[in-house]
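Participant: What follows is a structure written as structure tokens; I'll ask about it next.
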Amino acid sequence: MLSTFAEFLKKLDNEACTSVFSPENPEYFTFSFAVVMYHVMKADRSVSKIERKHLDGLFQREFKMDPAETEALFDDIEAHYGEFAKHLSAIECEISQNAHHKAAFMEHINHLIVCDGCRDEEFELFEKIKQHLFSC
């Protein structure tokens, strides 16, 4: 009986590690996701170690990236910081028809902004993104 329960828990754990997103272009979606998340982190003009650690874990879970890959990704996205609207629109195109995906995306943003204390700038950006995704 205990082994059956242990197998059940392992199955739940494996399912929890499966990405909720299934984009048509996974590489571009991942990059756009990273650009938007980076913009959220920078809303208060700083990226804390807590935010960065949280985001590294998120990319390892959602996109199966190892730490070296997340480091390389974040080196790349700093140059695309000004392209927030373009990448938010790319995400919207991928998830607009699925309320569950939109909610999951907003949940990731929410976790990111509260992990080191929610500041007004971060909350305002959260609301802007929510309005953009759910206004249709």
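Letters A, B, ... go to the chains of the structure tokens in the order shown; residues in each chain start at 1; ligands are counted from 1 in the same order.
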Could you give me, as a VMD selection string, the residues within 12 Å of region 85-100 of chain A, counting only C-alpha atoms and dropping anything in the same chain fewer than 5 positions from it?
Facilitator: chain A and resid 20 to 40 77 80 105 to 107 125 to 126 128 to 136
Participant: At a cut-off of 8 Å, using only C-alpha atoms, what residues contact region 111-113 of chain A? Leave out same-chain residues fewer than 5 positions from it and give the result as a list of chain:residue names.
Facilitator: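 Close residues of region 111-113 of chain A: A:Met37, A:Val40, A:Met41, A:Glu51, A:His54, A:Leu55, A:Cys118, A:Arg119, A:Glu122, A:Phe123.
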Participant: Please save N, CA, C and O atoms of the selected residues as an mmCIF file, in the first residue's frame.
Facilitator:
data_model
loop_
_atom_site.group_PDB
_atom_site.id
_atom_site.type_symbol
_atom_site.label_atom_id
_atom_site.label_comp_id
_atom_site.auth_asym_id
_atom_site.auth_seq_id
_atom_site.Cartn_x
_atom_site.Cartn_y
_atom_site.Cartn_z
ATOM 1 N N MET A 37 9.330 38.702 -18.206
ATOM 2 C CA MET A 37 9.650 38.499 -16.791
ATOM 3 C C MET A 37 10.794 39.420 -16.346
ATOM 4 O O MET A 37 10.769 39.970 -15.241
ATOM 5 N N VAL A 40 9.414 42.771 -15.766
ATOM 6 C CA VAL A 40 8.703 42.805 -14.481
ATOM 7 C C VAL A 40 9.703 42.952 -13.340
ATOM 8 O O VAL A 40 9.500 43.767 -12.432
ATOM 9 N N MET A 41 10.792 42.200 -13.394
ATOM 10 C CA MET A 41 11.807 42.301 -12.337
ATOM 11 C C MET A 41 12.407 43.698 -12.285
ATOM 12 O O MET A 41 12.683 44.216 -11.212
ATOM 13 N N GLU A 51 14.627 37.478 -6.651
ATOM 14 C CA GLU A 51 13.892 37.429 -7.921
ATOM 15 C C GLU A 51 14.619 36.562 -8.940
ATOM 16 O O GLU A 51 14.010 35.739 -9.622
ATOM 17 N N HIS A 54 14.333 32.923 -8.065
ATOM 18 C CA HIS A 54 12.967 32.480 -8.354
ATOM 19 C C HIS A 54 12.797 32.251 -9.856
ATOM 20 O O HIS A 54 12.242 31.235 -10.279
ATOM 21 N N LEU A 55 13.280 33.195 -10.651
ATOM 22 C CA LEU A 55 13.132 33.077 -12.099
ATOM 23 C C LEU A 55 13.963 31.931 -12.669
ATOM 24 O O LEU A 55 13.509 31.219 -13.567
ATOM 25 N N CYS A 118 6.253 43.152 -2.904
ATOM 26 C CA CYS A 118 5.631 43.818 -4.042
ATOM 27 C C CYS A 118 5.768 45.336 -3.908
ATOM 28 O O CYS A 118 5.398 45.914 -2.902
ATOM 29 N N ARG A 119 6.288 45.944 -4.946
ATOM 30 C CA ARG A 119 6.409 47.396 -4.982
ATOM 31 C C ARG A 119 5.364 47.953 -5.951
ATOM 32 O O ARG A 119 4.871 47.241 -6.817
ATOM 33 N N GLU A 122 5.899 47.384 -9.699
ATOM 34 C CA GLU A 122 5.662 46.005 -10.122
ATOM 35 C C GLU A 122 4.171 45.708 -10.208
ATOM 36 O O GLU A 122 3.706 45.078 -11.156
ATOM 37 N N PHE A 123 3.421 46.184 -9.223
ATOM 38 C CA PHE A 123 1.974 45.945 -9.234
ATOM 39 C C PHE A 123 1.327 46.663 -10.414
ATOM 40 O O PHE A 123 0.434 46.108 -11.071
#
Participant: Got a sec: who's within 10 Å of Asp56 (chain A), counting only C-alpha atoms, leaving out chain neighbours fewer than 4 positions off, as a ChimeraX atom specification?
Facilitator: /A:50-52,60-61,65-71,74
Participant: Selected residues, all heavy atoms, written as a JSON list (two decimals), in the first residue's frame, please.
Facilitator:
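Below is the file selection-v3.json, written as the result:
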[["chain", "number", "residue", "atom", "x", "y", "z"],
["A", 50, "ILE", "N", 16.81, 37.34, -4.89],
["A", 50, "ILE", "CA", 15.64, 36.49, -4.67],
["A", 50, "ILE", "C", 14.84, 36.35, -5.96],
["A", 50, "ILE", "O", 14.42, 35.25, -6.32],
["A", 50, "ILE", "CB", 14.76, 37.05, -3.53],
["A", 50, "ILE", "CG1", 15.53, 37.01, -2.20],
["A", 50, "ILE", "CG2", 13.45, 36.30, -3.42],
["A", 50, "ILE", "CD1", 14.85, 37.78, -1.08],
["A", 51, "GLU", "N", 14.63, 37.48, -6.65],
["A", 51, "GLU", "CA", 13.89, 37.43, -7.92],
["A", 51, "GLU", "C", 14.62, 36.56, -8.94],
["A", 51, "GLU", "O", 14.01, 35.74, -9.62],
["A", 51, "GLU", "CB", 13.73, 38.84, -8.51],
["A", 51, "GLU", "CG", 12.73, 39.70, -7.79],
["A", 51, "GLU", "CD", 12.73, 41.12, -8.30],
["A", 51, "GLU", "OE1", 13.82, 41.70, -8.58],
["A", 51, "GLU", "OE2", 11.64, 41.69, -8.42],
["A", 52, "ARG", "N", 15.91, 36.76, -9.02],
["A", 52, "ARG", "CA", 16.70, 36.01, -10.00],
["A", 52, "ARG", "C", 16.67, 34.51, -9.69],
["A", 52, "ARG", "O", 16.49, 33.68, -10.59],
["A", 52, "ARG", "CB", 18.13, 36.53, -10.03],
["A", 52, "ARG", "CG", 19.02, 35.87, -11.05],
["A", 52, "ARG", "CD", 18.40, 35.95, -12.46],
["A", 52, "ARG", "NE", 19.01, 34.97, -13.30],
["A", 52, "ARG", "CZ", 20.04, 35.21, -14.08],
["A", 52, "ARG", "NH1", 20.57, 36.41, -14.14],
["A", 52, "ARG", "NH2", 20.55, 34.25, -14.81],
["A", 60, "GLN", "N", 13.82, 26.55, -15.10],
["A", 60, "GLN", "CA", 14.23, 25.15, -15.01],
["A", 60, "GLN", "C", 13.02, 24.24, -14.97],
["A", 60, "GLN", "O", 13.02, 23.18, -15.61],
["A", 60, "GLN", "CB", 15.13, 24.95, -13.78],
["A", 60, "GLN", "CG", 16.49, 25.60, -13.95],
["A", 60, "GLN", "CD", 17.30, 25.65, -12.68],
["A", 60, "GLN", "OE1", 17.05, 24.91, -11.74],
["A", 60, "GLN", "NE2", 18.27, 26.55, -12.64],
["A", 61, "ARG", "N", 11.96, 24.64, -14.27],
["A", 61, "ARG", "CA", 10.74, 23.82, -14.20],
["A", 61, "ARG", "C", 9.92, 23.91, -15.48],
["A", 61, "ARG", "O", 9.53, 22.89, -16.04],
["A", 61, "ARG", "CB", 9.87, 24.27, -13.02],
["A", 61, "ARG", "CG", 10.35, 23.84, -11.68],
["A", 61, "ARG", "CD", 9.34, 24.18, -10.59],
["A", 61, "ARG", "NE", 8.77, 25.51, -10.68],
["A", 61, "ARG", "CZ", 9.33, 26.64, -10.19],
["A", 61, "ARG", "NH1", 10.49, 26.57, -9.59],
["A", 61, "ARG", "NH2", 8.72, 27.80, -10.30],
["A", 65, "MET", "N", 15.26, 24.06, -18.53],
["A", 65, "MET", "CA", 16.56, 24.66, -18.78],
["A", 65, "MET", "C", 17.48, 24.39, -17.59],
["A", 65, "MET", "O", 17.04, 24.41, -16.44],
["A", 65, "MET", "CB", 16.42, 26.16, -18.99],
["A", 65, "MET", "CG", 15.57, 26.52, -20.21],
["A", 65, "MET", "SD", 15.33, 28.30, -20.39],
["A", 65, "MET", "CE", 16.89, 28.73, -21.13],
["A", 66, "ASP", "N", 18.74, 24.16, -17.88],
["A", 66, "ASP", "CA", 19.71, 24.00, -16.80],
["A", 66, "ASP", "C", 20.26, 25.39, -16.43],
["A", 66, "ASP", "O", 20.02, 26.37, -17.14],
["A", 66, "ASP", "CB", 20.81, 23.01, -17.17],
["A", 66, "ASP", "CG", 21.68, 23.46, -18.33],
["A", 66, "ASP", "OD1", 22.02, 24.66, -18.42],
["A", 66, "ASP", "OD2", 22.03, 22.61, -19.15],
["A", 67, "PRO", "N", 20.96, 25.50, -15.31],
["A", 67, "PRO", "CA", 21.44, 26.82, -14.87],
["A", 67, "PRO", "C", 22.30, 27.55, -15.90],
["A", 67, "PRO", "O", 22.20, 28.77, -16.03],
["A", 67, "PRO", "CB", 22.25, 26.49, -13.61],
["A", 67, "PRO", "CG", 21.60, 25.25, -13.07],
["A", 67, "PRO", "CD", 21.21, 24.46, -14.31],
["A", 68, "ALA", "N", 23.11, 26.84, -16.66],
["A", 68, "ALA", "CA", 23.94, 27.49, -17.69],
["A", 68, "ALA", "C", 23.07, 28.08, -18.79],
["A", 68, "ALA", "O", 23.34, 29.17, -19.30],
["A", 68, "ALA", "CB", 24.93, 26.50, -18.27],
["A", 69, "GLU", "N", 22.00, 27.36, -19.14],
["A", 69, "GLU", "CA", 21.09, 27.87, -20.17],
["A", 69, "GLU", "C", 20.33, 29.11, -19.69],
["A", 69, "GLU", "O", 20.16, 30.07, -20.45],
["A", 69, "GLU", "CB", 20.08, 26.79, -20.58],
["A", 69, "GLU", "CG", 20.69, 25.65, -21.37],
["A", 69, "GLU", "CD", 19.71, 24.51, -21.58],
["A", 69, "GLU", "OE1", 19.00, 24.12, -20.62],
["A", 69, "GLU", "OE2", 19.65, 24.02, -22.73],
["A", 70, "THR", "N", 19.90, 29.10, -18.43],
["A", 70, "THR", "CA", 19.19, 30.28, -17.92],
["A", 70, "THR", "C", 20.14, 31.47, -17.83],
["A", 70, "THR", "O", 19.75, 32.60, -18.14],
["A", 70, "THR", "CB", 18.52, 30.03, -16.55],
["A", 70, "THR", "OG1", 19.49, 29.69, -15.58],
["A", 70, "THR", "CG2", 17.46, 28.97, -16.63],
["A", 71, "GLU", "N", 21.37, 31.23, -17.47],
["A", 71, "GLU", "CA", 22.37, 32.30, -17.41],
["A", 71, "GLU", "C", 22.59, 32.91, -18.79],
["A", 71, "GLU", "O", 22.59, 34.13, -18.96],
["A", 71, "GLU", "CB", 23.69, 31.77, -16.84],
["A", 71, "GLU", "CG", 24.72, 32.84, -16.60],
["A", 71, "GLU", "CD", 24.34, 33.80, -15.48],
["A", 71, "GLU", "OE1", 23.70, 33.37, -14.51],
["A", 71, "GLU", "OE2", 24.69, 34.99, -15.59],
["A", 74, "PHE", "N", 19.52, 34.97, -19.86],
["A", 74, "PHE", "CA", 19.43, 36.28, -19.23],
["A", 74, "PHE", "C", 20.52, 37.23, -19.67],
["A", 74, "PHE", "O", 20.33, 38.44, -19.67],
["A", 74, "PHE", "CB", 19.32, 36.14, -17.71],
["A", 74, "PHE", "CG", 17.96, 35.71, -17.34],
["A", 74, "PHE", "CD1", 17.68, 34.38, -17.06],
["A", 74, "PHE", "CD2", 16.90, 36.60, -17.35],
["A", 74, "PHE", "CE1", 16.39, 33.96, -16.78],
["A", 74, "PHE", "CE2", 15.61, 36.20, -17.08],
["A", 74, "PHE", "CZ", 15.35, 34.87, -16.79]]
Participant: Enumerate the residues of chain A with a DSSP assignment of alpha helix (DSSP H), computed from the backbone, and present them as a PyMOL selection string.
Facilitator: chain A and resi 2-16+26-41+49-62+67-77+84-95+99-114+120-134
Participant: Please dump the current selection as a short mmCIF file (atom, residue, chain, number, x, y, z; two decimals), in the first residue's frame; keep C-alpha atoms.
Facilitator:
data_model
loop_
_atom_site.label_atom_id
_atom_site.label_comp_id
_atom_site.auth_asym_id
_atom_site.auth_seq_id
_atom_site.Cartn_x
_atom_site.Cartn_y
_atom_site.Cartn_z
CA LEU A 2 2.80 2.42 0.84
CA SER A 3 4.51 1.70 -2.47
CA THR A 4 1.29 2.50 -4.34
CA PHE A 5 1.00 5.77 -2.45
CA ALA A 6 4.67 6.56 -3.15
CA GLU A 7 4.11 5.90 -6.88
CA PHE A 8 1.06 8.19 -6.81
CA LEU A 9 3.10 11.00 -5.21
CA LYS A 10 5.90 10.52 -7.71
CA LYS A 11 3.40 10.74 -10.57
CA LEU A 12 1.98 13.97 -9.12
CA ASP A 13 5.47 15.40 -8.77
CA ASN A 14 6.29 14.55 -12.39
CA GLU A 15 3.05 16.14 -13.58
CA ALA A 16 3.81 19.25 -11.56
CA PRO A 26 8.91 27.08 -28.10
CA GLU A 27 12.24 28.90 -28.45
CA TYR A 28 10.68 32.26 -29.30
CA PHE A 29 7.99 31.81 -26.63
CA THR A 30 10.66 31.05 -24.03
CA PHE A 31 12.64 34.12 -25.08
CA SER A 32 9.53 36.33 -25.04
CA PHE A 33 8.54 34.92 -21.66
CA ALA A 34 12.01 35.78 -20.36
CA VAL A 35 11.92 39.33 -21.75
CA VAL A 36 8.56 40.01 -20.10
CA MET A 37 9.65 38.50 -16.79
CA TYR A 38 12.88 40.50 -16.88
CA HIS A 39 10.86 43.65 -17.50
CA VAL A 40 8.70 42.81 -14.48
CA MET A 41 11.81 42.30 -12.34
CA LYS A 49 18.94 37.92 -5.88
CA ILE A 50 15.64 36.49 -4.67
CA GLU A 51 13.89 37.43 -7.92
CA ARG A 52 16.70 36.01 -10.00
CA LYS A 53 16.75 32.74 -8.04
CA HIS A 54 12.97 32.48 -8.35
CA LEU A 55 13.13 33.08 -12.10
CA ASP A 56 15.96 30.58 -12.58
CA GLY A 57 13.84 27.94 -10.85
CA LEU A 58 10.83 28.86 -12.96
CA PHE A 59 12.77 28.42 -16.20
CA GLN A 60 14.23 25.15 -15.01
CA ARG A 61 10.74 23.82 -14.20
CA GLU A 62 8.69 25.30 -17.06
CA PRO A 67 21.44 26.82 -14.87
CA ALA A 68 23.94 27.49 -17.69
CA GLU A 69 21.09 27.87 -20.17
CA THR A 70 19.19 30.28 -17.92
CA GLU A 71 22.37 32.30 -17.41
CA ALA A 72 22.93 32.54 -21.17
CA LEU A 73 19.28 33.44 -21.73
CA PHE A 74 19.43 36.28 -19.23
CA ASP A 75 22.65 37.57 -20.74
CA ASP A 76 20.77 37.78 -24.06
CA ILE A 77 17.56 39.37 -22.85
CA PHE A 84 8.55 44.58 -23.86
CA ALA A 85 5.43 45.30 -25.95
CA LYS A 86 6.65 43.15 -28.84
CA HIS A 87 7.30 40.16 -26.59
CA LEU A 88 4.10 40.59 -24.57
CA SER A 89 2.20 40.53 -27.87
CA ALA A 90 4.04 37.34 -28.87
CA ILE A 91 2.97 35.71 -25.62
CA GLU A 92 -0.58 36.95 -26.09
CA CYS A 93 -0.70 35.37 -29.56
CA GLU A 94 0.30 32.02 -28.10
CA ILE A 95 -1.99 31.98 -25.07
CA ALA A 99 -7.82 31.12 -20.20
CA HIS A 100 -5.85 28.53 -18.20
CA HIS A 101 -2.61 29.55 -19.93
CA LYS A 102 -3.33 33.24 -19.34
CA ALA A 103 -4.03 32.58 -15.67
CA ALA A 104 -0.85 30.49 -15.34
CA PHE A 105 1.19 33.25 -16.96
CA MET A 106 -0.27 35.84 -14.57
CA GLU A 107 0.38 33.50 -11.64
CA HIS A 108 4.07 33.33 -12.61
CA ILE A 109 4.23 37.12 -12.73
CA ASN A 110 2.47 37.36 -9.38
CA HIS A 111 4.93 34.97 -7.75
CA LEU A 112 7.82 36.95 -9.19
CA ILE A 113 6.63 40.31 -7.91
CA VAL A 114 5.84 39.11 -4.40
CA ASP A 120 4.00 49.83 -6.62
CA GLU A 121 5.86 49.79 -9.95
CA GLU A 122 5.66 46.00 -10.12
CA PHE A 123 1.97 45.95 -9.23
CA GLU A 124 1.22 48.61 -11.86
CA LEU A 125 3.00 46.53 -14.49
CA PHE A 126 1.13 43.41 -13.34
CA GLU A 127 -2.16 45.29 -13.83
CA LYS A 128 -1.04 46.55 -17.26
CA ILE A 129 -0.19 43.01 -18.39
CA LYS A 130 -3.45 41.64 -16.97
CA GLN A 131 -5.43 44.32 -18.78
CA HIS A 132 -3.59 43.56 -22.02
CA LEU A 133 -4.20 39.82 -21.85
CA PHE A 134 -7.77 39.82 -20.54
#
